[in-house]
Structures are given as structure tokens and as C-alpha cells.
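Everything below belongs to data_35.csv, which stores CSV, N, CA, C and O atoms.
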```csv
chain,number,residue,atom,x,y,z
A,265,MET,N,5.2,2.9,50.1
A,265,MET,CA,4.3,3.6,49.3
A,265,MET,C,4.9,4.3,48.2
A,265,MET,O,4.3,4.4,47.1
A,266,GLY,N,6.1,4.8,48.3
A,266,GLY,CA,6.7,5.5,47.2
A,266,GLY,C,7.2,4.7,46.1
A,266,GLY,O,7.4,5.1,45.0
A,267,PHE,N,7.4,3.4,46.4
A,267,PHE,CA,7.9,2.5,45.4
A,267,PHE,C,6.9,1.8,44.5
A,267,PHE,O,7.2,1.2,43.5
A,268,LEU,N,5.6,1.9,44.9
A,268,LEU,CA,4.6,1.2,44.1
A,268,LEU,C,4.2,2.1,42.9
A,268,LEU,O,4.1,3.3,43.0
A,269,LYS,N,4.0,1.4,41.8
A,269,LYS,CA,3.6,2.1,40.6
A,269,LYS,C,2.1,2.4,40.7
A,269,LYS,O,1.3,1.6,41.2
A,270,ARG,N,1.8,3.6,40.2
A,270,ARG,CA,0.4,4.0,40.2
A,270,ARG,C,-0.3,3.3,39.0
A,270,ARG,O,0.1,3.4,37.9
A,271,THR,N,-1.5,2.7,39.3
A,271,THR,CA,-2.2,2.1,38.2
A,271,THR,C,-3.3,3.1,37.7
A,271,THR,O,-3.9,3.8,38.5
A,272,ASN,N,-3.6,3.0,36.4
A,272,ASN,CA,-4.7,3.8,35.9
A,272,ASN,C,-6.1,3.3,36.3
A,272,ASN,O,-6.3,2.1,36.5
A,273,LYS,N,-7.0,4.2,36.5
A,273,LYS,CA,-8.3,3.8,36.9
A,273,LYS,C,-9.1,3.4,35.7
A,273,LYS,O,-8.9,4.0,34.6
A,274,LYS,N,-9.9,2.3,35.8
A,274,LYS,CA,-10.7,1.9,34.7
A,274,LYS,C,-12.1,2.1,35.0
A,274,LYS,O,-12.6,1.8,36.1
A,275,PHE,N,-12.8,2.7,34.0
A,275,PHE,CA,-14.2,3.1,34.2
A,275,PHE,C,-15.0,2.2,33.3
A,275,PHE,O,-14.7,2.0,32.1
A,276,ASP,N,-16.2,1.8,33.7
A,276,ASP,CA,-17.1,1.0,32.9
A,276,ASP,C,-18.2,2.0,32.4
A,276,ASP,O,-19.3,2.0,32.9
A,277,TYR,N,-17.8,2.7,31.4
A,277,TYR,CA,-18.8,3.8,30.9
A,277,TYR,C,-19.7,3.1,29.9
A,277,TYR,O,-19.3,2.4,29.0
A,278,GLN,N,-21.0,3.4,30.0
A,278,GLN,CA,-22.0,3.0,29.1
A,278,GLN,C,-22.7,4.2,28.6
A,278,GLN,O,-23.2,5.0,29.3
A,279,PRO,N,-22.7,4.4,27.2
A,279,PRO,CA,-23.4,5.6,26.7
A,279,PRO,C,-24.9,5.6,27.1
A,279,PRO,O,-25.5,4.5,27.2
A,280,ARG,N,-25.5,6.7,27.3
A,280,ARG,CA,-26.9,6.8,27.8
A,280,ARG,C,-27.9,6.3,26.8
A,280,ARG,O,-28.8,5.6,27.1
A,281,PHE,N,-27.7,6.7,25.5
A,281,PHE,CA,-28.7,6.4,24.5
A,281,PHE,C,-28.4,5.2,23.6
A,281,PHE,O,-29.0,5.0,22.6
A,282,TYR,N,-27.3,4.4,23.9
A,282,TYR,CA,-26.9,3.3,23.1
A,282,TYR,C,-27.7,2.1,23.4
A,282,TYR,O,-27.7,1.6,24.6
A,283,LYS,N,-28.4,1.5,22.4
A,283,LYS,CA,-29.3,0.4,22.7
A,283,LYS,C,-28.7,-0.9,22.1
A,283,LYS,O,-29.4,-2.0,22.1
A,284,GLY,N,-27.6,-0.9,21.4
A,284,GLY,CA,-27.1,-2.0,20.7
A,284,GLY,C,-26.4,-3.0,21.7
A,284,GLY,O,-26.3,-2.8,22.9
A,285,GLU,N,-25.8,-4.0,21.1
A,285,GLU,CA,-25.0,-5.0,21.9
A,285,GLU,C,-23.5,-4.8,21.6
A,285,GLU,O,-23.1,-4.3,20.6
A,286,GLY,N,-22.7,-5.2,22.5
A,286,GLY,CA,-21.3,-5.0,22.4
A,286,GLY,C,-20.8,-3.7,22.7
A,286,GLY,O,-21.5,-2.8,23.2
A,287,ASN,N,-19.5,-3.4,22.5
A,287,ASN,CA,-18.9,-2.2,22.8
A,287,ASN,C,-19.1,-1.2,21.6
A,287,ASN,O,-18.6,-1.5,20.5
A,288,PRO,N,-19.7,0.0,21.8
A,288,PRO,CA,-19.9,0.9,20.7
A,288,PRO,C,-18.6,1.6,20.2
A,288,PRO,O,-18.6,2.2,19.2
A,289,PHE,N,-17.6,1.5,21.1
A,289,PHE,CA,-16.3,2.2,20.7
A,289,PHE,C,-15.3,1.3,20.1
A,289,PHE,O,-14.2,1.7,19.7
A,290,LYS,N,-15.6,0.0,19.9
A,290,LYS,CA,-14.7,-0.9,19.2
A,290,LYS,C,-14.8,-0.7,17.7
A,290,LYS,O,-15.8,-0.7,17.1
A,291,ILE,N,-13.6,-0.4,17.2
A,291,ILE,CA,-13.5,-0.1,15.7
A,291,ILE,C,-13.2,-1.4,15.0
A,291,ILE,O,-12.2,-2.0,15.2
A,292,GLU,N,-14.1,-1.8,14.2
A,292,GLU,CA,-13.9,-3.1,13.5
A,292,GLU,C,-14.6,-3.0,12.1
A,292,GLU,O,-15.7,-2.4,12.0
A,293,HIS,N,-13.9,-3.5,11.1
A,293,HIS,CA,-14.5,-3.4,9.7
A,293,HIS,C,-15.6,-4.5,9.6
A,293,HIS,O,-15.6,-5.5,10.3
A,294,LYS,N,-16.5,-4.2,8.7
A,294,LYS,CA,-17.7,-5.1,8.6
A,294,LYS,C,-17.3,-6.5,8.1
A,294,LYS,O,-17.9,-7.5,8.5
A,295,LEU,N,-16.2,-6.6,7.3
A,295,LEU,CA,-15.9,-7.9,6.7
A,295,LEU,C,-14.7,-8.6,7.5
A,295,LEU,O,-14.2,-9.6,7.0
A,296,ASP,N,-14.3,-8.1,8.6
A,296,ASP,CA,-13.2,-8.7,9.4
A,296,ASP,C,-13.5,-10.1,9.8
A,296,ASP,O,-12.6,-11.0,10.0
A,297,GLN,N,-14.8,-10.4,10.0
A,297,GLN,CA,-15.2,-11.7,10.5
A,297,GLN,C,-15.0,-12.8,9.4
A,297,GLN,O,-14.9,-14.0,9.7
A,298,PHE,N,-14.9,-12.4,8.2
A,298,PHE,CA,-14.7,-13.3,7.1
A,298,PHE,C,-13.3,-13.5,6.6
A,298,PHE,O,-12.9,-14.3,5.8
A,299,ARG,N,-12.4,-12.6,7.1
A,299,ARG,CA,-11.0,-12.7,6.7
A,299,ARG,C,-10.2,-13.5,7.7
A,299,ARG,O,-10.4,-13.5,8.9
A,300,THR,N,-9.2,-14.3,7.1
A,300,THR,CA,-8.4,-15.0,8.0
A,300,THR,C,-7.1,-14.3,8.4
A,300,THR,O,-6.4,-14.6,9.3
A,301,THR,N,-6.8,-13.2,7.6
A,301,THR,CA,-5.6,-12.5,7.9
A,301,THR,C,-5.8,-11.3,8.8
A,301,THR,O,-4.8,-10.7,9.3
A,302,ALA,N,-7.0,-11.0,9.2
A,302,ALA,CA,-7.3,-9.9,10.1
A,302,ALA,C,-7.5,-10.4,11.5
A,302,ALA,O,-7.9,-11.5,11.7
A,303,GLY,N,-7.1,-9.5,12.4
A,303,GLY,CA,-7.4,-9.8,13.8
A,303,GLY,C,-6.2,-10.2,14.6
A,303,GLY,O,-5.7,-9.4,15.5
A,304,LYS,N,-5.6,-11.3,14.4
A,304,LYS,CA,-4.5,-11.8,15.2
A,304,LYS,C,-3.2,-11.0,14.9
A,304,LYS,O,-3.0,-10.6,13.7
A,305,ASN,N,-2.4,-10.8,15.9
A,305,ASN,CA,-1.1,-10.1,15.7
A,305,ASN,C,0.0,-11.1,15.4
A,305,ASN,O,0.6,-11.6,16.3
A,306,LYS,N,0.1,-11.5,14.1
A,306,LYS,CA,1.1,-12.5,13.8
A,306,LYS,C,2.3,-11.8,13.0
A,306,LYS,O,2.2,-10.7,12.6
A,307,GLY,N,3.3,-12.5,12.8
A,307,GLY,CA,4.4,-12.0,12.0
A,307,GLY,C,4.1,-12.0,10.6
A,307,GLY,O,3.0,-12.4,10.1
A,308,ILE,N,5.0,-11.5,9.8
A,308,ILE,CA,4.7,-11.3,8.3
A,308,ILE,C,4.6,-12.7,7.7
A,308,ILE,O,3.9,-12.9,6.7
A,309,LYS,N,5.4,-13.7,8.2
A,309,LYS,CA,5.3,-15.0,7.6
A,309,LYS,C,4.0,-15.6,7.8
A,309,LYS,O,3.4,-16.3,6.9
A,310,GLY,N,3.4,-15.5,9.0
A,310,GLY,CA,2.1,-16.0,9.3
A,310,GLY,C,1.0,-15.4,8.4
A,310,GLY,O,0.1,-16.0,8.0
A,311,LYS,N,1.1,-14.0,8.2
A,311,LYS,CA,0.1,-13.3,7.4
A,311,LYS,C,0.2,-13.8,6.0
A,311,LYS,O,-0.8,-14.0,5.3
A,312,PHE,N,1.4,-13.9,5.4
A,312,PHE,CA,1.5,-14.4,4.0
A,312,PHE,C,1.1,-15.8,3.9
A,312,PHE,O,0.4,-16.2,2.9
A,313,SER,N,1.3,-16.7,4.8
A,313,SER,CA,0.9,-18.1,4.7
A,313,SER,C,-0.6,-18.2,4.8
A,313,SER,O,-1.3,-18.9,4.1
A,314,ASP,N,-1.3,-17.3,5.7
A,314,ASP,CA,-2.7,-17.3,5.7
A,314,ASP,C,-3.3,-16.8,4.5
A,314,ASP,O,-4.3,-17.3,4.0
A,315,ALA,N,-2.7,-15.7,3.9
A,315,ALA,CA,-3.3,-15.2,2.7
A,315,ALA,C,-3.1,-16.1,1.5
A,315,ALA,O,-4.0,-16.3,0.7
A,316,PHE,N,-2.0,-16.8,1.4
A,316,PHE,CA,-1.8,-17.8,0.4
A,316,PHE,C,-2.7,-19.0,0.5
A,316,PHE,O,-3.3,-19.5,-0.5
A,317,GLY,N,-2.9,-19.4,1.7
A,317,GLY,CA,-3.9,-20.5,2.0
A,317,GLY,C,-5.3,-20.1,1.6
A,317,GLY,O,-6.1,-20.9,1.1
A,318,ASP,N,-5.7,-18.9,1.9
A,318,ASP,CA,-7.0,-18.4,1.6
A,318,ASP,C,-7.2,-18.3,0.1
A,318,ASP,O,-8.2,-18.6,-0.4
A,319,LEU,N,-6.1,-17.9,-0.6
A,319,LEU,CA,-6.2,-17.8,-2.0
A,319,LEU,C,-6.3,-19.2,-2.7
A,319,LEU,O,-7.1,-19.4,-3.6
A,320,LYS,N,-5.6,-20.2,-2.2
A,320,LYS,CA,-5.7,-21.5,-2.7
A,320,LYS,C,-7.0,-22.1,-2.4
A,320,LYS,O,-7.6,-22.8,-3.2
A,321,MET,N,-7.6,-21.9,-1.2
A,321,MET,CA,-8.8,-22.5,-0.8
A,321,MET,C,-10.0,-21.9,-1.6
A,321,MET,O,-10.9,-22.6,-2.0
A,322,LYS,N,-10.0,-20.6,-1.8
A,322,LYS,CA,-11.2,-19.9,-2.4
A,322,LYS,C,-11.0,-19.6,-3.9
A,322,LYS,O,-11.8,-18.9,-4.4
A,323,SER,N,-9.9,-20.1,-4.4
A,323,SER,CA,-9.7,-19.8,-5.8
A,323,SER,C,-10.7,-20.5,-6.7
A,323,SER,O,-11.0,-21.7,-6.5
A,324,GLU,N,-11.1,-19.9,-7.7
A,324,GLU,CA,-12.0,-20.5,-8.7
A,324,GLU,C,-11.4,-20.3,-10.1
A,324,GLU,O,-10.5,-19.5,-10.3
A,325,LYS,N,-11.8,-21.1,-11.0
A,325,LYS,CA,-11.3,-21.1,-12.3
A,325,LYS,C,-11.5,-19.7,-13.0
A,325,LYS,O,-10.6,-19.2,-13.7
A,326,ARG,N,-12.7,-19.2,-12.8
A,326,ARG,CA,-13.0,-17.9,-13.5
A,326,ARG,C,-12.2,-16.8,-12.9
A,326,ARG,O,-11.7,-15.9,-13.7
A,327,THR,N,-12.0,-16.7,-11.6
A,327,THR,CA,-11.3,-15.6,-11.0
A,327,THR,C,-9.8,-15.7,-11.4
A,327,THR,O,-9.2,-14.7,-11.7
A,328,SER,N,-9.2,-16.9,-11.5
A,328,SER,CA,-7.8,-17.0,-11.9
A,328,SER,C,-7.7,-16.6,-13.3
A,328,SER,O,-6.7,-16.0,-13.7
A,329,ARG,N,-8.6,-17.0,-14.2
A,329,ARG,CA,-8.5,-16.6,-15.6
A,329,ARG,C,-8.6,-15.1,-15.8
A,329,ARG,O,-7.9,-14.5,-16.5
A,330,THR,N,-9.5,-14.5,-15.0
A,330,THR,CA,-9.7,-13.0,-15.1
A,330,THR,C,-8.4,-12.4,-14.6
A,330,THR,O,-7.9,-11.4,-15.2
A,331,PHE,N,-7.8,-12.9,-13.5
A,331,PHE,CA,-6.6,-12.4,-13.0
A,331,PHE,C,-5.5,-12.5,-14.0
A,331,PHE,O,-4.7,-11.6,-14.2
A,332,LEU,N,-5.4,-13.6,-14.7
A,332,LEU,CA,-4.3,-13.8,-15.7
A,332,LEU,C,-4.5,-12.9,-16.9
A,332,LEU,O,-3.5,-12.3,-17.4
A,333,ILE,N,-5.8,-12.6,-17.3
A,333,ILE,CA,-6.0,-11.7,-18.4
A,333,ILE,C,-5.6,-10.3,-18.0
A,333,ILE,O,-5.0,-9.6,-18.8
A,334,ILE,N,-5.9,-9.9,-16.8
A,334,ILE,CA,-5.6,-8.5,-16.3
A,334,ILE,C,-4.0,-8.4,-16.3
A,334,ILE,O,-3.5,-7.4,-16.7
A,335,ILE,N,-3.3,-9.4,-15.7
A,335,ILE,CA,-1.9,-9.3,-15.7
A,335,ILE,C,-1.3,-9.2,-17.1
A,335,ILE,O,-0.3,-8.5,-17.3
A,336,THR,N,-1.8,-10.0,-18.0
A,336,THR,CA,-1.3,-10.0,-19.4
A,336,THR,C,-1.5,-8.6,-20.0
A,336,THR,O,-0.5,-8.1,-20.7
A,337,ILE,N,-2.6,-8.1,-19.8
A,337,ILE,CA,-2.9,-6.7,-20.4
A,337,ILE,C,-1.9,-5.7,-19.8
A,337,ILE,O,-1.4,-4.9,-20.5
A,338,LEU,N,-1.7,-5.8,-18.5
A,338,LEU,CA,-0.8,-4.8,-17.9
A,338,LEU,C,0.6,-5.0,-18.3
A,338,LEU,O,1.3,-4.0,-18.5
A,339,VAL,N,1.0,-6.2,-18.5
A,339,VAL,CA,2.4,-6.5,-19.0
A,339,VAL,C,2.6,-5.9,-20.4
A,339,VAL,O,3.6,-5.3,-20.8
A,340,LEU,N,1.6,-6.2,-21.3
A,340,LEU,CA,1.6,-5.6,-22.6
A,340,LEU,C,1.7,-4.1,-22.7
A,340,LEU,O,2.4,-3.5,-23.5
A,341,ILE,N,0.9,-3.5,-21.8
A,341,ILE,CA,0.9,-2.0,-21.8
A,341,ILE,C,2.3,-1.5,-21.3
A,341,ILE,O,2.8,-0.6,-21.8
A,342,PHE,N,2.9,-2.3,-20.3
A,342,PHE,CA,4.2,-1.9,-19.8
A,342,PHE,C,5.2,-2.0,-21.0
A,342,PHE,O,6.1,-1.2,-21.2
A,343,LEU,N,5.1,-3.1,-21.7
A,343,LEU,CA,6.1,-3.3,-22.8
A,343,LEU,C,5.9,-2.3,-23.9
A,343,LEU,O,6.9,-1.9,-24.5
A,344,TYR,N,4.7,-1.9,-24.1
A,344,TYR,CA,4.5,-0.8,-25.1
A,344,TYR,C,5.0,0.5,-24.6
A,344,TYR,O,5.6,1.3,-25.4
A,345,ILE,N,4.9,0.8,-23.4
A,345,ILE,CA,5.4,2.1,-22.8
A,345,ILE,C,6.9,2.1,-22.9
A,345,ILE,O,7.5,3.2,-23.3
A,346,ILE,N,7.6,1.0,-22.6
A,346,ILE,CA,9.1,1.1,-22.7
A,346,ILE,C,9.6,0.8,-24.1
A,346,ILE,O,10.8,0.7,-24.3
A,347,ASP,N,8.7,0.7,-25.0
A,347,ASP,CA,9.0,0.5,-26.5
A,347,ASP,C,9.9,-0.8,-26.7
A,347,ASP,O,10.9,-0.8,-27.3
A,348,PHE,N,9.4,-1.9,-26.1
A,348,PHE,CA,10.0,-3.2,-26.2
A,348,PHE,C,9.8,-3.8,-27.6
A,348,PHE,O,8.7,-3.8,-28.1
A,349,ASP,N,10.8,-4.3,-28.2
A,349,ASP,CA,10.7,-4.9,-29.6
A,349,ASP,C,10.5,-6.4,-29.5
A,349,ASP,O,11.4,-7.1,-29.0
A,350,LEU,N,9.3,-6.8,-29.9
A,350,LEU,CA,9.0,-8.3,-29.8
A,350,LEU,C,9.6,-9.1,-30.9
A,350,LEU,O,9.5,-10.3,-30.9
A,351,SER,N,10.3,-8.4,-31.9
A,351,SER,CA,10.9,-9.2,-33.0
A,351,SER,C,12.1,-10.0,-32.6
A,351,SER,O,12.5,-10.8,-33.4
A,352,ILE,N,12.6,-9.9,-31.4
A,352,ILE,CA,13.7,-10.7,-31.0
A,352,ILE,C,13.3,-12.1,-30.7
A,352,ILE,O,14.1,-13.0,-30.7
A,353,PHE,N,12.0,-12.4,-30.5
A,353,PHE,CA,11.5,-13.7,-30.3
A,353,PHE,C,11.2,-14.5,-31.6
A,353,PHE,O,11.0,-15.7,-31.6
A,354,ILE,N,11.2,-13.7,-32.7
A,354,ILE,CA,10.8,-14.3,-34.0
A,354,ILE,C,12.1,-14.6,-34.8
A,354,ILE,O,12.9,-13.7,-35.0
A,355,THR,N,12.2,-15.8,-35.3
A,355,THR,CA,13.4,-16.2,-36.0
A,355,THR,C,13.1,-16.1,-37.5
A,355,THR,O,12.0,-16.5,-38.0
A,356,ASN,N,14.0,-15.5,-38.3
A,356,ASN,CA,13.8,-15.4,-39.8
A,356,ASN,C,14.5,-16.5,-40.5
A,356,ASN,O,15.5,-16.9,-40.3
```

Just give me the structure as C-alpha cells.
Amino acid sequence: MGFLKRTNKKFDYQPRFYKGEGNPFKIEHKLDQFRTTAGKNKGIKGKFSDAFGDLKMKSEKRTSRTFLIIITILVLIFLYIIDFDLSIFITN
């Protein structure tokens, strides 16, 4: 008896006034059912491959164009902040 590990007791508690379905204590985001990267406990390689596959699958021309415009604007702002001289690309 002294060598056996003590197990925790499990209670099946149901709230008195809860009328919904499922577990009310389960914390889950509303949009987790639509995400491929949420839920499973995978390594970082699996998460990146799922995210990249999701990006490839759901990418549209308009979103990629908007994304490129935003990146270009941010790069130009960064170059302006560091006072980069664009005249090195122009030959006289």
C-alpha cells in the first residue's frame, strides 16, 4: 500500500444553470475551427508547413497585390528613415 501512487479524484461537475452543449470550461477561440495551424501540438516545422500550405491554398491575386504594396511602402519608409541614397542605382 505504501508503494502505490495516489491518483487524483475526477469529478464530473455540471454547472446548475448552464443549458448549452459541450464543456462550458473549455477555452477555445471562435475561429479555431477554420485554422489549420491551431489545435494539434506539432513541432515548429509542422506549423510552418501548415501555415505555408494554407497561404498557398487560400491566396488570391488581390490579397497578394495588397500585401506587396504594403511591403513596398514599409521598405520605402525604412529607407527614408535611414537616409538611404537611391542615386547609387542610377548611372550617369

query: Quick one: distance from atom C of Gly307 in chain A to atom N of Phe331 in chain A in Å, one decimal?
result: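 Computed distance, atom C of Gly307 in chain A to atom N of Phe331 in chain A, equals 26.9 Å.
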
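One distance worth recording is that between CA of Lys294 in chain A and CA of Ala315 in chain A, which is 18.6 Å.
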
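The space separating atom N of Phe289 in chain A from CA of Asp276 in chain A comes to 11.8 Å.
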